[in-house]
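Q: A single structure is presented below for examination.
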There are 2 protein chains.
Amino acid sequence: MKYPSHIHCYDCFELELPGPNSGNPFQDISFSAQFEHDGRVLISQGFYDGDGIYRVRLMPDQVGEWRFVTQSSAHDLDRQEGHFTCLPARVGVHGPVHVADQFHFAYADGTRYLPLGTTCYAWIHQGEELERQTLDTLRQSPFNKIRMCVFPKHYRYNQNEPHFLPFEKKDDGSWDFARYQPAFFRHLEQRISDLAELGIEADLILLHPYDRWGFADMGREADEAYLRYISARLSAYRNVWWSLANEYDLLKKKPMLDWDGYFQILQTLDPHNHLRSVHNWQGLDTHDTCTFYDHRKPWVSHCSVQHGYVDLVSQWRETYGKPVIVDECCYEGDLPNGWGNINGVEMVRRFWESAAHGGYAGHGETFLDPMEVIWWSKGGTLHGESPARIAFLRNVLESLNGGTLDPLGRITDTNQPSAGKSGSYYLTYFGFRQPRQMTITLDGDGEYTAEIIDTWEMSATRVPGTFSKSGTIQLPGKPYMAVLLRRVG
Amino acid sequence: MKYPSHIHCYDCFELELPGPNSGNPFQDISFSAQFEHDGRVLISQGFYDGDGIYRVRLMPDQVGEWRFVTQSSAHDLDRQEGHFTCLPARVGVHGPVHVADQFHFAYADGTRYLPLGTTCYAWIHQGEELERQTLDTLRQSPFNKIRMCVFPKHYRYNQNEPHFLPFEKKDDGSWDFARYQPAFFRHLEQRISDLAELGIEADLILLHPYDRWGFADMGREADEAYLRYISARLSAYRNVWWSLANEYDLLKKKPMLDWDGYFQILQTLDPHNHLRSVHNWQGLDTHDTCTFYDHRKPWVSHCSVQHGYVDLVSQWRETYGKPVIVDECCYEGDLPNGWGNINGVEMVRRFWESAAHGGYAGHGETFLDPMEVIWWSKGGTLHGESPARIAFLRNVLESLNGGTLDPLGRITDTNQPSAGKSGSYYLTYFGFRQPRQMTITLDGDGEYTAEIIDTWEMSATRVPGTFSKSGTIQLPGKPYMAVLLRRVG
């Protein structure tokens, strides 16, 4: 039995035990551990990691002494006990992200988390060199979340062989969905850890339809076993989000009841209750929103949406009562495909529009490349005009000191909705509208400064003086401006 | 009895008769004429024009001899007979516009009419100098339709006194809705004639809610009398379209049954069957279209729509089975108001998007002006970036030689819908999308040229060679491009 005597809060504690390696240890052996801290008990599922080694993990979230005892159908793995000390979190580690204030997010330690994500579906299947480059790019980017697939991807511009595969093959050459290749998962874990060190959440796509291997249609039994296995392996990683599928409605063989059941597996087995959602395909450029998975269901933590009309975000907040992340609102690029060819201006507009409606947009980049290294799928480097502006948006949002944007209706004569916290700060965003002036009417007696924000040129200009109750602000008559009022008295 | 012995086809024939001027000739006297040409009979309502003079008008639409006989409750106006000769239309006169090919328009002589309209609601209420300037501006503009109100307008930036008023006042100072001021209507007629000489259709708004005089709420009886009077006066003007109201759903005192009845008055009394529609208020920036008047009703000739999401045009074509003109899709300008502050790029995008979905957009311009002379309401001069680009669009559409754009689904790998005539020409418009290439797949054996159109820079670049069945076109990877394929063999 191996395990560390000390661990920092929100890091991954791991207990290693030797055990049986005959038969199929992935499915024949049950193995879990019960962790106890200060009267609170968490149960974590263990997993077989090959070569006769079993592991069980936990992400301790409280400082102090933790005790554990294992349970297993195998004698060698059963009733093993121990204890370890949880030390304060390392600097910069804030724990897993959870829903906060109904429509927003915060880390476990209470620090505000503002999701500004990007998308590199298959970046972990590209080999060391390109994966390192992707991490370097991410390090310098504004993004603090990445959508990424567990399984390799087969799609237009994505024909290369993956470096790792998740399952073993049977003698007849077909996949044995009951036997995992631990190396595949260890590589995935390494990449999730790499992201954690960069402060980036891994919005992990567990199932997807872009497939030539058969992983998209393994059947319910194999799907469920895979979900149990991956949740046992990954739940202790603080930066994991469970995205049950990308474009789940393209996985047409899986009935809705199966999706519900898959969610419940994660909900039941993940002791850390990581965020859970699922992402739709249909509806991107329609005015229809009825093709989403019903995000009101209790096991869904937040809305993960593909849609181009992000002014609907405030409506989805009301419909589902949960945070809204439009993680696919089209990608900046120049592909033929409509989902991958909006210009940078429109991409940035969709980020601001989402924010101004109380939600969050997601980024992706899809410029044609002679080597078919396209960020949205393989990672590499960024070429577009939007990331710098998304960084600027992140700065503006962070300047609210943990505050968030919630719809506040119309506080101006401009017909544009405003968002913020009533009595504290108000953001009004104009997109392709270019008013020359706007008149504000506020309740209460507060005194406010006003900044005119050029979201494209990335500048903020303080309007001289202060405002209270009402006032008229002259604007430059240019598109892509926002006005931010902040209370100062 | 005065009338001309000869008149050109589609011009306004007028018979003048003296008659009773006691009592209230506007309401006490019935007066009409029956016109006959080659066995075909048209009945036209006459009207009292003040000073004991009655008139009845007709727009002859067939060359040759026309006979008439009057009918009246007044002896002096009854059973007056005569005849006149209709000569071929003057050069450039094509007759009134009607629906053609279900979703489009043509003049009576068969010439294609492509509505590219603008909006100057109250331009005829601004006095000679400004009205002349407006006509000069229109002469140099691409616009061949104008939305304009009969009644004066009271609204933000519209507080000035009108030069003419439509009704007389009673001794107590209140309006006498049963007595018209003929000078008001003669002025209106002059302006409609001025537009006709410029080849511009007058999309005449008969009722509207922007009112400080009480004309918006005259009650059903006065509304109906007014509609009978104005249709008697104006039906013989070839360039008149009946727009029953602007933002009809803001005239909340008028029930739906009244609107239906008003349409039926025009349908019954106008012998020339001018185009008829009515324009909604609600829904501009929503994704909802249920606030339109039901354009399926038989008296509606085409959809007159206020809406910002013009990609819905093809859906409305299917819903209503009629031509769609989004005559208010927001205005280019810099007002605070959301309906009046989109930038030129977005305005031009909405024109092209409407065309590419088989419909037509309308223009308006709303730049703040220290004298409050704003084109959308008062006319004057144009300042925006869109009119030149709308002229360019008009050139492109006219280059189809009378052809029109109907939705053709997807003929490319770009997800963008194409429009045109299958087997003849295909337009694909990309808006803020910037594909670097597109691959076309066509049915049939035709051979096509391709032009890459920069809708903002107003250029068309021929792609070398020709295409048949399929081919890939390299594009510049810039937004606001279109590709037009034309059959050449």
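The chains in the structure tokens are called A, B, ... from first to last as shown; in each chain the residues are counted from 1, and the ligands are counted from 1 in the order shown.
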Set the cut-off to 8 Å and count only C-alpha atoms: what are the residues of chain A that reach chain B? Output as a PyMOL selection string.
A: chain A and resi 287+333-338+341-343+346+368+413-416+432-438+477-479
Q: So that I can check the surroundings of Ala89 of chain A, please list as a VMD selection string every protein, DNA and RNA residue that reaches within 12 Å of it, counting only C-alpha atoms and ignoring chain neighbours fewer than 5 positions away.
A: chain A and resid 6 to 12 59 to 64 94 to 96 108 to 109 238
Q: Name the residues of segment 231-464 of chain A that fall into strand (DSSP E or B) according to DSSP on the backbone, using the chain letters and numbers of this document, as a short mmCIF file (atom, residue, chain, number, x, y, z; two decimals) with N, CA and C atoms, in the first residue's frame.
A:
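Output file selection-v5.cif follows:
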```
data_model
loop_
_atom_site.label_atom_id
_atom_site.label_comp_id
_atom_site.auth_asym_id
_atom_site.auth_seq_id
_atom_site.Cartn_x
_atom_site.Cartn_y
_atom_site.Cartn_z
N VAL A 240 -11.62 19.17 -13.53
CA VAL A 240 -12.45 18.41 -14.47
C VAL A 240 -13.90 18.89 -14.43
N TRP A 241 -14.48 19.12 -15.63
CA TRP A 241 -15.93 19.27 -15.79
C TRP A 241 -16.40 18.10 -16.63
N TRP A 242 -17.57 17.59 -16.31
CA TRP A 242 -18.13 16.48 -17.10
C TRP A 242 -19.04 17.04 -18.19
N SER A 243 -18.58 16.96 -19.41
CA SER A 243 -19.47 17.26 -20.53
C SER A 243 -19.83 15.92 -21.14
N LEU A 244 -21.05 15.50 -20.88
CA LEU A 244 -21.41 14.13 -21.22
C LEU A 244 -21.18 13.84 -22.70
N ALA A 245 -21.47 14.83 -23.54
CA ALA A 245 -21.22 14.61 -24.98
C ALA A 245 -21.10 15.95 -25.68
N ARG A 276 -21.64 19.28 -14.42
CA ARG A 276 -22.15 18.33 -15.41
C ARG A 276 -23.06 19.03 -16.40
N SER A 277 -22.81 18.80 -17.69
CA SER A 277 -23.74 19.29 -18.71
C SER A 277 -23.59 18.46 -19.97
N HIS A 279 -23.97 18.99 -24.51
CA HIS A 279 -23.91 20.02 -25.54
C HIS A 279 -24.68 19.56 -26.77
N CYS A 303 -26.07 25.13 -18.30
CA CYS A 303 -26.41 24.94 -19.71
C CYS A 303 -25.14 25.02 -20.55
N SER A 304 -24.92 24.00 -21.34
CA SER A 304 -23.82 23.98 -22.30
C SER A 304 -24.47 24.01 -23.68
N VAL A 305 -24.32 25.14 -24.36
CA VAL A 305 -25.18 25.43 -25.50
C VAL A 305 -24.37 25.63 -26.77
N GLN A 306 -24.86 25.08 -27.87
CA GLN A 306 -24.41 25.48 -29.20
C GLN A 306 -25.51 26.33 -29.82
N VAL A 324 -25.51 29.86 -18.03
CA VAL A 324 -25.51 29.56 -19.47
C VAL A 324 -24.12 29.81 -20.04
N ILE A 325 -23.54 28.77 -20.59
CA ILE A 325 -22.30 28.90 -21.35
C ILE A 325 -22.59 28.50 -22.80
N VAL A 326 -22.47 29.46 -23.69
CA VAL A 326 -22.65 29.14 -25.12
C VAL A 326 -21.27 28.73 -25.63
N ASP A 327 -20.92 27.48 -25.34
CA ASP A 327 -19.53 27.11 -25.61
C ASP A 327 -19.27 26.90 -27.09
N GLU A 328 -20.32 26.89 -27.89
CA GLU A 328 -20.11 26.91 -29.34
C GLU A 328 -21.08 27.92 -29.94
N GLU A 332 -14.17 31.51 -34.97
CA GLU A 332 -13.47 32.47 -35.84
C GLU A 332 -12.61 31.69 -36.83
N GLY A 333 -12.77 31.96 -38.10
CA GLY A 333 -11.98 31.24 -39.07
C GLY A 333 -12.44 31.46 -40.48
N ILE A 342 -16.89 32.54 -38.91
CA ILE A 342 -17.24 33.94 -38.61
C ILE A 342 -15.95 34.74 -38.45
N TYR A 360 -22.05 33.42 -20.76
CA TYR A 360 -20.65 33.31 -21.15
C TYR A 360 -20.57 32.61 -22.52
N ALA A 361 -19.71 33.12 -23.38
CA ALA A 361 -19.49 32.48 -24.68
C ALA A 361 -18.21 31.67 -24.65
N GLY A 362 -18.07 30.82 -25.65
CA GLY A 362 -16.86 30.02 -25.79
C GLY A 362 -16.21 30.29 -27.14
N GLU A 365 -11.24 28.31 -32.93
CA GLU A 365 -10.61 28.96 -34.09
C GLU A 365 -10.40 27.94 -35.19
N THR A 366 -10.76 28.30 -36.40
CA THR A 366 -10.82 27.35 -37.52
C THR A 366 -10.31 27.97 -38.81
N ASP A 406 -25.71 40.30 -14.33
CA ASP A 406 -27.05 39.73 -14.43
C ASP A 406 -27.93 40.74 -15.16
N PRO A 407 -28.88 40.25 -15.96
CA PRO A 407 -29.73 41.18 -16.72
C PRO A 407 -30.48 42.13 -15.80
N THR A 412 -31.31 52.61 -19.85
CA THR A 412 -30.97 53.71 -20.75
C THR A 412 -32.09 53.88 -21.77
N SER A 418 -29.21 46.26 -20.21
CA SER A 418 -28.01 46.42 -19.40
C SER A 418 -27.89 45.23 -18.45
N ALA A 419 -26.69 45.02 -17.96
CA ALA A 419 -26.45 43.92 -17.03
C ALA A 419 -25.49 44.40 -15.96
N GLY A 420 -25.53 43.77 -14.82
CA GLY A 420 -24.64 44.15 -13.73
C GLY A 420 -25.27 43.79 -12.40
N LYS A 421 -24.97 44.61 -11.41
CA LYS A 421 -25.59 44.46 -10.09
C LYS A 421 -26.26 45.78 -9.78
N TYR A 425 -22.99 48.39 -10.30
CA TYR A 425 -22.36 48.63 -11.61
C TYR A 425 -23.31 48.15 -12.70
N TYR A 426 -23.17 48.79 -13.86
CA TYR A 426 -24.08 48.54 -14.97
C TYR A 426 -23.26 48.53 -16.27
N LEU A 427 -23.39 47.47 -17.02
CA LEU A 427 -22.75 47.40 -18.33
C LEU A 427 -23.82 47.43 -19.42
N THR A 428 -23.62 48.28 -20.41
CA THR A 428 -24.50 48.32 -21.57
C THR A 428 -23.62 48.16 -22.80
N TYR A 429 -23.94 47.19 -23.63
CA TYR A 429 -23.11 46.85 -24.79
C TYR A 429 -23.91 47.09 -26.06
N ARG A 433 -24.50 48.40 -33.16
CA ARG A 433 -25.23 49.65 -32.99
C ARG A 433 -24.24 50.76 -32.61
N GLN A 437 -25.26 59.06 -28.42
CA GLN A 437 -25.43 59.41 -27.00
C GLN A 437 -26.40 58.43 -26.36
N MET A 438 -26.36 58.39 -25.03
CA MET A 438 -27.35 57.60 -24.31
C MET A 438 -27.66 58.30 -23.00
N THR A 439 -28.92 58.18 -22.59
CA THR A 439 -29.36 58.79 -21.34
C THR A 439 -29.69 57.67 -20.37
N ILE A 440 -29.11 57.79 -19.17
CA ILE A 440 -29.26 56.76 -18.13
C ILE A 440 -30.30 57.22 -17.12
N THR A 441 -31.08 56.28 -16.65
CA THR A 441 -31.98 56.57 -15.52
C THR A 441 -31.81 55.46 -14.50
N TYR A 448 -22.00 57.55 -9.64
CA TYR A 448 -21.33 56.59 -10.54
C TYR A 448 -20.33 57.29 -11.45
N THR A 449 -19.25 56.60 -11.71
CA THR A 449 -18.39 57.00 -12.83
C THR A 449 -18.84 56.22 -14.07
N ALA A 450 -18.48 56.74 -15.22
CA ALA A 450 -18.79 56.06 -16.48
C ALA A 450 -17.52 55.89 -17.28
N GLU A 451 -17.37 54.70 -17.85
CA GLU A 451 -16.27 54.46 -18.79
C GLU A 451 -16.86 54.06 -20.12
N ILE A 452 -16.33 54.63 -21.18
CA ILE A 452 -16.71 54.23 -22.53
C ILE A 452 -15.67 53.23 -23.00
N ILE A 453 -16.13 52.02 -23.27
CA ILE A 453 -15.23 50.92 -23.60
C ILE A 453 -15.32 50.64 -25.09
N ASP A 454 -14.20 50.70 -25.76
CA ASP A 454 -14.14 50.30 -27.16
C ASP A 454 -13.69 48.84 -27.17
N SER A 459 -9.90 49.73 -25.48
CA SER A 459 -9.59 50.90 -24.65
C SER A 459 -10.80 51.22 -23.79
N ALA A 460 -10.55 51.85 -22.66
CA ALA A 460 -11.61 52.33 -21.79
C ALA A 460 -11.32 53.78 -21.46
N THR A 461 -12.29 54.64 -21.72
CA THR A 461 -12.10 56.07 -21.54
C THR A 461 -13.07 56.56 -20.48
N ARG A 462 -12.52 57.12 -19.44
CA ARG A 462 -13.35 57.64 -18.34
C ARG A 462 -14.06 58.90 -18.80
N VAL A 463 -15.37 58.95 -18.59
CA VAL A 463 -16.14 60.16 -18.86
C VAL A 463 -15.92 61.11 -17.68
N PRO A 464 -15.57 62.38 -17.94
CA PRO A 464 -15.33 63.31 -16.82
C PRO A 464 -16.55 63.42 -15.91
#
```
Q: Which one of B:Asn246, B:Asn280, B:Ser301, B:Ser354 sits closest to Ser314 of chain B if you count only C-alpha atoms?
A: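 Closest to Ser314 of chain B, using only C-alpha atoms: B:Ser354.
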Q: Write out as JSON, numbers by chain the set of residues from segment 92-276 of chain B that DSSP, computed on the backbone, places in alpha helix (DSSP H).
A: {"B": [128, 129, 130, 131, 132, 133, 134, 135, 136, 137, 138, 139, 182, 183, 184, 185, 186, 187, 188, 189, 190, 191, 192, 193, 194, 195, 196, 197, 220, 221, 222, 223, 224, 225, 226, 227, 228, 229, 230, 231, 232, 233, 234, 256, 257, 258, 259, 260, 261, 262, 263, 264, 265, 266, 267, 268, 269]}
Q: Just the number, please: distance in Å from atom CA of Ser30 of chain A to atom CA of Phe13 of chain A, one decimal.
A: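 Atom-to-atom, atom CA of Ser30 of chain A to atom CA of Phe13 of chain A, that is 19.7 Å.
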Q: Of the residues B:Phe467, B:Tyr3, B:Trp259, B:Trp375, which is the one nearest to Ile146 of chain B, using only C-alpha atoms?
A: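 Ranked by minimum distance to Ile146 of chain B, first place goes to B:Trp375.
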Q: Could you pull the residues within 12 Å of Phe68 of chain B, counting only C-alpha atoms, minus those fewer than 4 positions along the same chain, as number ranges by chain?
A: B: 3, 13-15, 32-37, 40-44, 56-58, 60, 78-85
Q: Report the distance between atom CA of Ala355 of chain A and atom CA of Arg139 of chain A in Å, rounded to one decimal place.
A: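 If I compute the distance from atom CA of Ala355 of chain A to atom CA of Arg139 of chain A, I get 23.2 Å.
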Q: So which residues touch Arg112 of chain A within 9 Å, counting only C-alpha atoms, skipping near sequence neighbours fewer than 6 positions away, as a list in words?
A: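 Residues meeting the cut-off are Val97, Ala100, His104, Phe105, Ala106, Glu398, Asn401, Gly402, Gly403 and Thr404 of chain A.
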Q: Write the residues of the preceding selection, restricted to N, CA and C atoms, as a short mmCIF file (atom, residue, chain, number, x, y, z; two decimals), in the first residue's frame.
A:
```cif
data_model
loop_
_atom_site.label_atom_id
_atom_site.label_comp_id
_atom_site.auth_asym_id
_atom_site.auth_seq_id
_atom_site.Cartn_x
_atom_site.Cartn_y
_atom_site.Cartn_z
N VAL A 97 -14.45 24.17 -9.62
CA VAL A 97 -15.44 25.22 -9.91
C VAL A 97 -16.84 24.65 -9.69
N ALA A 100 -22.30 29.25 -8.60
CA ALA A 100 -22.45 30.24 -7.53
C ALA A 100 -23.44 31.30 -7.97
N HIS A 104 -23.88 31.81 -12.10
CA HIS A 104 -22.45 32.05 -12.28
C HIS A 104 -21.65 30.95 -11.62
N PHE A 105 -20.35 31.18 -11.53
CA PHE A 105 -19.45 30.14 -11.04
C PHE A 105 -18.45 30.71 -10.05
N ALA A 106 -17.99 29.84 -9.16
CA ALA A 106 -16.90 30.22 -8.26
C ALA A 106 -16.10 28.96 -7.95
N GLU A 398 -13.01 41.07 -14.73
CA GLU A 398 -12.28 40.92 -13.46
C GLU A 398 -12.22 42.22 -12.68
N ASN A 401 -14.27 42.93 -9.52
CA ASN A 401 -13.89 42.43 -8.20
C ASN A 401 -14.79 41.31 -7.72
N GLY A 402 -14.98 40.33 -8.58
CA GLY A 402 -15.79 39.19 -8.18
C GLY A 402 -17.27 39.38 -8.46
N GLY A 403 -17.63 40.55 -8.91
CA GLY A 403 -19.02 40.78 -9.29
C GLY A 403 -19.32 40.10 -10.61
N THR A 404 -20.60 39.90 -10.88
CA THR A 404 -21.02 39.24 -12.11
C THR A 404 -22.06 40.10 -12.80
#
```
Q: Considering only C-alpha atoms, return as a list in words whatever protein or nucleic-acid residues lie within 10 Å of Tyr155 of chain A, sequence-local ones (same chain, fewer than 3 positions apart) excluded.
A: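 Using only C-alpha atoms, the neighbours found are Asn158, Gln159, Asn160, Pro209, Tyr210, Asp211, Arg212 and Ser377 of chain A.
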Q: Using all heavy atoms, can you export the residues from the last selection as an mmCIF file, in the first residue's frame?
A:
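Saved to out34.cif:
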```
data_model
loop_
_atom_site.group_PDB
_atom_site.id
_atom_site.type_symbol
_atom_site.label_atom_id
_atom_site.label_comp_id
_atom_site.auth_asym_id
_atom_site.auth_seq_id
_atom_site.Cartn_x
_atom_site.Cartn_y
_atom_site.Cartn_z
ATOM 1 N N ASN A 158 -9.420 16.062 -39.719
ATOM 2 C CA ASN A 158 -9.002 15.259 -38.555
ATOM 3 C C ASN A 158 -8.942 13.801 -38.954
ATOM 4 O O ASN A 158 -9.821 13.020 -38.616
ATOM 5 C CB ASN A 158 -10.008 15.396 -37.403
ATOM 6 C CG ASN A 158 -10.017 16.776 -36.812
ATOM 7 O OD1 ASN A 158 -9.295 17.055 -35.871
ATOM 8 N ND2 ASN A 158 -10.828 17.650 -37.369
ATOM 9 N N GLN A 159 -7.893 13.446 -39.692
ATOM 10 C CA GLN A 159 -7.797 12.071 -40.171
ATOM 11 C C GLN A 159 -6.571 11.377 -39.578
ATOM 12 O O GLN A 159 -6.380 10.182 -39.804
ATOM 13 C CB GLN A 159 -7.680 12.054 -41.708
ATOM 14 C CG GLN A 159 -8.685 12.947 -42.427
ATOM 15 C CD GLN A 159 -10.127 12.510 -42.282
ATOM 16 O OE1 GLN A 159 -10.393 11.334 -42.109
ATOM 17 N NE2 GLN A 159 -11.052 13.453 -42.317
ATOM 18 N N ASN A 160 -5.753 12.110 -38.842
ATOM 19 C CA ASN A 160 -4.502 11.511 -38.354
ATOM 20 C C ASN A 160 -4.754 10.463 -37.266
ATOM 21 O O ASN A 160 -5.776 10.492 -36.579
ATOM 22 C CB ASN A 160 -3.550 12.603 -37.856
ATOM 23 C CG ASN A 160 -4.175 13.511 -36.805
ATOM 24 O OD1 ASN A 160 -5.383 13.745 -36.826
ATOM 25 N ND2 ASN A 160 -3.370 14.009 -35.898
ATOM 26 N N PRO A 209 -19.625 12.135 -31.522
ATOM 27 C CA PRO A 209 -19.993 11.370 -32.721
ATOM 28 C C PRO A 209 -18.924 11.315 -33.818
ATOM 29 O O PRO A 209 -19.139 10.646 -34.815
ATOM 30 C CB PRO A 209 -21.236 12.130 -33.229
ATOM 31 C CG PRO A 209 -21.060 13.531 -32.749
ATOM 32 C CD PRO A 209 -20.264 13.461 -31.481
ATOM 33 N N TYR A 210 -17.792 11.988 -33.659
ATOM 34 C CA TYR A 210 -16.791 12.091 -34.739
ATOM 35 C C TYR A 210 -15.838 10.908 -34.608
ATOM 36 O O TYR A 210 -14.801 11.000 -33.957
ATOM 37 C CB TYR A 210 -16.035 13.410 -34.651
ATOM 38 C CG TYR A 210 -16.862 14.510 -34.021
ATOM 39 C CD1 TYR A 210 -16.516 15.046 -32.784
ATOM 40 C CD2 TYR A 210 -18.018 14.965 -34.637
ATOM 41 C CE1 TYR A 210 -17.293 16.016 -32.187
ATOM 42 C CE2 TYR A 210 -18.810 15.931 -34.037
ATOM 43 C CZ TYR A 210 -18.440 16.441 -32.805
ATOM 44 O OH TYR A 210 -19.210 17.394 -32.199
ATOM 45 N N ASP A 211 -16.157 9.836 -35.255
ATOM 46 C CA ASP A 211 -15.631 8.539 -34.840
ATOM 47 C C ASP A 211 -15.457 7.599 -36.028
ATOM 48 O O ASP A 211 -16.334 7.493 -36.868
ATOM 49 C CB ASP A 211 -16.650 7.944 -33.846
ATOM 50 C CG ASP A 211 -16.256 6.578 -33.361
ATOM 51 O OD1 ASP A 211 -15.216 6.476 -32.700
ATOM 52 O OD2 ASP A 211 -16.995 5.631 -33.655
ATOM 53 N N ARG A 212 -14.320 6.935 -36.097
ATOM 54 C CA ARG A 212 -14.170 5.839 -37.064
ATOM 55 C C ARG A 212 -13.830 4.526 -36.363
ATOM 56 O O ARG A 212 -13.595 3.521 -37.022
ATOM 57 C CB ARG A 212 -13.101 6.169 -38.103
ATOM 58 C CG ARG A 212 -11.670 6.245 -37.602
ATOM 59 C CD ARG A 212 -10.644 6.343 -38.754
ATOM 60 N NE ARG A 212 -9.294 6.571 -38.293
ATOM 61 C CZ ARG A 212 -8.698 7.757 -38.231
ATOM 62 N NH1 ARG A 212 -9.339 8.849 -38.602
ATOM 63 N NH2 ARG A 212 -7.461 7.871 -37.793
ATOM 64 N N SER A 377 -9.435 21.808 -33.249
ATOM 65 C CA SER A 377 -9.367 20.363 -33.076
ATOM 66 C C SER A 377 -8.014 19.896 -32.543
ATOM 67 O O SER A 377 -7.949 19.104 -31.620
ATOM 68 C CB SER A 377 -9.654 19.679 -34.403
ATOM 69 O OG SER A 377 -9.838 18.308 -34.176
#
```
Q: State, in Å with one decimal place, the distance from atom CA of Val300 of chain A to atom CA of Phe185 of chain A.
A: 25.0 Å
Q: Can you list, as a short mmCIF file (atom, residue, chain, number, x, y, z; two decimals) with C-alpha atoms, in the first residue's frame, every protein, DNA or RNA residue that comes within 10 Å of Glu161 of chain A when you count only C-alpha atoms, leaving out same-chain residues fewer than 3 positions away?
A:
```
data_model
loop_
_atom_site.label_atom_id
_atom_site.label_comp_id
_atom_site.auth_asym_id
_atom_site.auth_seq_id
_atom_site.Cartn_x
_atom_site.Cartn_y
_atom_site.Cartn_z
CA HIS A 125 -4.23 13.00 -29.52
CA GLN A 126 -1.55 14.91 -31.44
CA GLY A 127 1.73 13.76 -29.91
CA PRO A 152 -9.81 10.54 -30.51
CA LYS A 153 -11.62 12.38 -33.27
CA HIS A 154 -12.42 11.49 -36.86
CA ASN A 158 -9.00 15.26 -38.55
CA PHE A 164 -3.09 6.42 -27.68
CA LEU A 165 -6.24 4.35 -27.80
#
```
Q: Using only C-alpha atoms, which protein or nucleic acid residues come within 12 Å of Asp49 of chain A? Drop anything in the same chain fewer than 6 positions from it, and give the result as a list in words.
A: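 Those residues are Leu15, Glu16, Leu17, Pro18, Gly19, Pro20, Asn21, Asn24, Pro25, Phe26, Arg55, Val56, Arg179, Tyr180, Gln181, Pro182, Ala183, Phe184, Phe185, Arg186, Tyr229, Ile230, Ala232 and Arg233 of chain A.
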Q: Please produce a file of those selected residues containing C-alpha atoms, as a PDB file, in the first residue's frame.
A:
```pdb
ATOM      1  CA  LEU A  15      -3.697   5.232  -2.745  1.00  0.00           C
ATOM      2  CA  GLU A  16      -1.957   2.430  -4.640  1.00  0.00           C
ATOM      3  CA  LEU A  17      -2.499  -1.242  -3.863  1.00  0.00           C
ATOM      4  CA  PRO A  18      -1.384  -4.449  -5.532  1.00  0.00           C
ATOM      5  CA  GLY A  19      -4.204  -6.842  -6.313  1.00  0.00           C
ATOM      6  CA  PRO A  20      -5.365  -9.652  -8.583  1.00  0.00           C
ATOM      7  CA  ASN A  21      -4.445  -9.469 -12.277  1.00  0.00           C
ATOM      8  CA  ASN A  24     -10.578  -9.135 -16.297  1.00  0.00           C
ATOM      9  CA  PRO A  25      -9.695  -6.967 -13.310  1.00  0.00           C
ATOM     10  CA  PHE A  26     -11.420  -3.961 -14.969  1.00  0.00           C
ATOM     11  CA  ARG A  55      -5.705   2.909  -7.272  1.00  0.00           C
ATOM     12  CA  VAL A  56      -8.268   4.973  -5.506  1.00  0.00           C
ATOM     13  CA  ARG A 179     -10.526  -3.732 -21.175  1.00  0.00           C
ATOM     14  CA  TYR A 180      -8.976  -0.289 -21.011  1.00  0.00           C
ATOM     15  CA  GLN A 181      -5.452   0.686 -21.949  1.00  0.00           C
ATOM     16  CA  PRO A 182      -4.194   2.455 -18.823  1.00  0.00           C
ATOM     17  CA  ALA A 183      -1.548   4.326 -20.840  1.00  0.00           C
ATOM     18  CA  PHE A 184      -4.322   6.166 -22.675  1.00  0.00           C
ATOM     19  CA  PHE A 185      -5.832   7.358 -19.433  1.00  0.00           C
ATOM     20  CA  ARG A 186      -2.501   8.198 -17.826  1.00  0.00           C
ATOM     21  CA  TYR A 229     -14.066   3.913 -15.075  1.00  0.00           C
ATOM     22  CA  ILE A 230     -13.331   7.458 -16.125  1.00  0.00           C
ATOM     23  CA  ALA A 232     -13.113   6.713 -10.857  1.00  0.00           C
ATOM     24  CA  ARG A 233      -9.910   7.899 -12.521  1.00  0.00           C
TER      25      ARG A 233
END
```
